[in-house]
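The structure appears right after this line, and notes come after that.
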Amino acid sequence: MSSIPEELSYTKEHEWVAGLDDGLTVTVGITAYAADSLGDVVYVQLPEVGGTIEAGDAVGEVESTKSVSDIYAPVTGEVVEVNQTVVDDPSLVNSDPYGEGWLFRVRIEGTPEDLLTSEEYVTVTSSEA
Amino acid sequence: MSRSTPLREVHETLGATLTDFAGWLMPLRYGSESAEHNAVRTAAGLFDLSHMGEIFVTGPQAGEALDHALVGNLSELVPGRARYTMICATGGGVLDDLIVYRLGSEEFLVVANASNYERVAAELTARGEGFQAEVDDRSDQYALIAVQGPRSQEILSSLTDADLAGLKYYAGLPGTVAGVQALIARTGYTGEDGFELFVAAADAVSLWQELAKAGDGYGLRPAGLSARDTLRLEAGMPLYGNELNAGLTPFDAGLGRVVRFDKPGDFVGRAALAPLKDVPPRRRLTGLVARGRRVPRHGYPVVLLTDGTVVGEVTSGAPSQSLGKPIAMAYVDTNLSEGLAVDIRGSHEPVDVVDLPFYRRSK
């Protein structure tokens, strides 16, 4: 069973969102469940800093030995930072998906919608298993 | 509903990610597929290949029947030796690629791919009519376990008295491994030295566990289909369904050498294949190495960097552990060796043409 931290918010597309409580900038990554399903991640393509992204849009991709998956924007806003460390060492997505393996930060516009609680996300992962 | 091998519970206990492959529930990986790949290159890997088909052809004319049914010359094979060959349709298309072991003067074992063995058994039966030969598909009664990698012989030798050092590449001999009756073959699909052990399905679990125990001090790891695929791709070995299919002849695949026109008698596919012998194919199976980090994958178009004209198609691609870059095999128009790119989801990523295989072990 992959870890699903309680304090984070989630999407059905297996992204996590941190920092919603304390302000305007959130951090986005992919979940341990998604990382386990992909296998060894070998390439991460992230959105450009300064670009505007819209919730639900494909804004990047995660490539593993066997497959490639889109990264969907979980929130709408401006990309203010990307994790260059994970671009250089994509295996961080597998080894530390909620920490060093974070992907990008977004200054959000408006109130994010359709995000899931950890409990709701557990239901998503167990229905796929 | 996928079929399971006798080792399914073992895989589940090891925490394997299981996947459907050709109708079989098989281990895709146990942990990190890169670690499994590297273990086979540097130490050894343990594979469950029980989804493969084992078809026995026996009788006084077993060799002649196979000479007629397949494109190779099997009757000239010496007992104890094996050969890579193919079964083709009348029109010359490849129905499967096979390894045939000659077990005795009147006994052959044909090993076919999981996706094809029922068809292969049916074709061998039909093509064997009129020969004094019996075709018996015993795939359900057999398990196949492979130990692959530079430490394989050391690991296996602790469990058997068989003369492994004297066993040549593409040879097989009956023996006892960890108390289990086995056909011990020096064959594989990884580009490394290694062994494939054909055993009764009921013996699979105990043999696997004894091998795992024996390999403990040698860095042996269980390895799944994901590692098997990247290993065989680095070794430039074709996979049926990717580099080979019924729409391609052995000549299209650059494997015309397996078609033996010099053998006695007619064989299925001969008439269609004979005129192709000296005709250069339009496309050639080509090795590609990506300059960037995005991975060319099965089905992606190969294009000209200059104007995007489609000049080929990727058949297999993966990130290569050994090269540190994405690699691919592709059918590419024969006159082209530079200025190529692969269309990776709309973006033309430059690739370099290299000779196959991508990886060759040091002897």
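We label chains A, B, ... in the order they appear in the structure tokens, count residues from 1 in each chain, and number ligands from 1 in the order shown.
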
- Do you know which residues are at most 9 Å from Gly50 of chain A counting only C-alpha atoms, after dropping those on the same chain fewer than 2 positions away, and could you put them as a PyMOL selection string? chain A and resi 47-48+52+78-81

- Message: Which of segment 105-329 of chain B end up as alpha helix (DSSP H) when DSSP is run on this backbone - answer as a PyMOL selection string?
- Response: chain B and resi 117-127+152-157+204-215+225-234+270-273

- Write out as an NGL selection string each polymer residue whose atoms come within 12 Å of Leu340 of chain B, counting only C-alpha atoms; drop sequence neighbours fewer than 2 positions from it. :B and (286-291 or 301-313 or 330 or 332-333 or 335-338 or 342-343 or 348-354)

- Message: Give me, as number ranges by chain, the residues of chain B touching chain A, with the criterion being at most 8 Å (counting only C-alpha atoms).
- Response: B: 32-34, 226, 293-295, 318-319

If you count only C-alpha atoms, which residues fall within 7 Å of segment 113-128 of chain B, apart from same-chain ones fewer than 6 positions away, as a JSON list (two decimals) with C-alpha atoms, in the first residue's frame?
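New file part-v4.json:
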[["chain", "number", "residue", "atom", "x", "y", "z"],
["B", 22, "ALA", "CA", -0.20, -12.58, -24.17],
["B", 51, "HIS", "CA", 4.27, -18.70, -20.43],
["B", 52, "MET", "CA", 6.42, -19.94, -23.33],
["B", 53, "GLY", "CA", 5.18, -22.94, -25.29],
["B", 55, "ILE", "CA", 5.91, -28.52, -28.24],
["B", 65, "ALA", "CA", 8.70, -33.09, -40.55],
["B", 69, "ALA", "CA", 7.26, -27.18, -41.46],
["B", 96, "ASP", "CA", 6.63, -17.15, -34.98],
["B", 135, "VAL", "CA", 3.34, -33.43, -32.43],
["B", 137, "ASP", "CA", 1.92, -29.58, -27.15]]

- What lies within 10 Å of Lys277 of chain B using only C-alpha atoms, ignoring chain neighbours under 6 positions off, as a ChimeraX atom specification? /B:250-251,256-257,259,261

Taking all heavy atoms for each residue, export the selection above as an mmCIF file, in the first residue's frame.
data_model
loop_
_atom_site.group_PDB
_atom_site.id
_atom_site.type_symbol
_atom_site.label_atom_id
_atom_site.label_comp_id
_atom_site.auth_asym_id
_atom_site.auth_seq_id
_atom_site.Cartn_x
_atom_site.Cartn_y
_atom_site.Cartn_z
ATOM 1 N N PRO B 250 11.228 -13.251 -43.132
ATOM 2 C CA PRO B 250 12.538 -13.234 -42.453
ATOM 3 C C PRO B 250 13.517 -12.273 -43.141
ATOM 4 O O PRO B 250 14.351 -11.667 -42.466
ATOM 5 C CB PRO B 250 13.021 -14.682 -42.571
ATOM 6 C CG PRO B 250 11.776 -15.493 -42.727
ATOM 7 C CD PRO B 250 10.818 -14.620 -43.480
ATOM 8 N N PHE B 251 13.401 -12.101 -44.463
ATOM 9 C CA PHE B 251 14.297 -11.186 -45.182
ATOM 10 C C PHE B 251 14.012 -9.741 -44.808
ATOM 11 O O PHE B 251 14.931 -8.936 -44.657
ATOM 12 C CB PHE B 251 14.183 -11.401 -46.694
ATOM 13 C CG PHE B 251 14.662 -12.757 -47.117
ATOM 14 C CD1 PHE B 251 13.747 -13.770 -47.398
ATOM 15 C CD2 PHE B 251 16.015 -13.038 -47.192
ATOM 16 C CE1 PHE B 251 14.189 -15.034 -47.771
ATOM 17 C CE2 PHE B 251 16.468 -14.298 -47.557
ATOM 18 C CZ PHE B 251 15.554 -15.307 -47.845
ATOM 19 N N GLY B 256 17.276 -13.279 -42.970
ATOM 20 C CA GLY B 256 17.178 -14.239 -44.061
ATOM 21 C C GLY B 256 18.096 -15.439 -43.906
ATOM 22 O O GLY B 256 17.827 -16.505 -44.461
ATOM 23 N N ARG B 257 19.160 -15.264 -43.100
ATOM 24 C CA ARG B 257 20.092 -16.382 -42.901
ATOM 25 C C ARG B 257 19.411 -17.602 -42.281
ATOM 26 O O ARG B 257 19.913 -18.722 -42.397
ATOM 27 C CB ARG B 257 21.260 -15.942 -42.015
ATOM 28 C CG ARG B 257 20.813 -15.531 -40.635
ATOM 29 C CD ARG B 257 21.951 -15.062 -39.744
ATOM 30 N NE ARG B 257 21.439 -14.315 -38.617
ATOM 31 C CZ ARG B 257 20.923 -14.858 -37.518
ATOM 32 N NH1 ARG B 257 20.833 -16.169 -37.404
ATOM 33 N NH2 ARG B 257 20.468 -14.103 -36.548
ATOM 34 N N VAL B 259 16.657 -18.861 -43.235
ATOM 35 C CA VAL B 259 15.934 -19.594 -44.291
ATOM 36 C C VAL B 259 16.953 -20.430 -45.060
ATOM 37 O O VAL B 259 17.857 -19.899 -45.699
ATOM 38 C CB VAL B 259 15.203 -18.623 -45.240
ATOM 39 C CG1 VAL B 259 14.369 -19.418 -46.244
ATOM 40 C CG2 VAL B 259 14.323 -17.662 -44.465
ATOM 41 N N PHE B 261 17.544 -22.588 -47.938
ATOM 42 C CA PHE B 261 17.147 -23.127 -49.243
ATOM 43 C C PHE B 261 17.970 -24.360 -49.625
ATOM 44 O O PHE B 261 17.603 -25.102 -50.520
ATOM 45 C CB PHE B 261 17.298 -22.054 -50.327
ATOM 46 C CG PHE B 261 16.373 -20.888 -50.140
ATOM 47 C CD1 PHE B 261 16.861 -19.649 -49.762
ATOM 48 C CD2 PHE B 261 15.007 -21.033 -50.340
ATOM 49 C CE1 PHE B 261 16.008 -18.570 -49.591
ATOM 50 C CE2 PHE B 261 14.143 -19.958 -50.167
ATOM 51 C CZ PHE B 261 14.648 -18.719 -49.792
#

- Close residues, Thr5 of chain B itself excluded, 7 Å, only C-alpha atoms, min 2 positions apart in chain, as a ChimeraX atom specification: /B:3,7-8,50-51

- Using DSSP on the backbone coordinates, identify the residues of chain A assigned to strand (DSSP E); present them as a PyMOL selection string. chain A and resi 9-10+15-18+25-30+41-45+52-53+58-64+68-72+77-82+104-108

- Query: Hey, what's within 9 Å of Tyr169 of chain B if we count only C-alpha atoms and toss same-chain stuff fewer than 3 positions away? As a ChimeraX atom specification, please?
  - Reply: /B:81-82,172,185-187,193-194

Using only C-alpha atoms, please write the residues we just selected to a file, as a short mmCIF file (atom, residue, chain, number, x, y, z; two decimals), in the first residue's frame.
data_model
loop_
_atom_site.label_atom_id
_atom_site.label_comp_id
_atom_site.auth_asym_id
_atom_site.auth_seq_id
_atom_site.Cartn_x
_atom_site.Cartn_y
_atom_site.Cartn_z
CA ARG B 81 22.22 -28.80 -29.78
CA ALA B 82 19.66 -26.04 -30.38
CA GLY B 172 21.05 -28.46 -23.91
CA ALA B 185 19.91 -25.30 -21.91
CA ARG B 186 22.54 -22.63 -22.45
CA THR B 187 20.21 -20.19 -24.18
CA ASP B 193 25.59 -15.92 -20.60
CA GLY B 194 22.84 -17.92 -18.94
#

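The space separating atom CA of Pro264 of chain B from atom CA of Pro280 of chain B comes to 25.6 Å.
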
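Here atom CA of Leu285 of chain B and atom CA of Gly191 of chain B stand 18.1 Å from one another.
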
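Using only C-alpha atoms, the shortest contact distance between Trp208 of chain B and any of B:Ser362, B:Val180, B:Asp229, B:Val71 is found at B:Val180.
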
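Take atom CA of Lys168 of chain B and atom CA of Gly80 of chain B: the distance between them is 9.6 Å.
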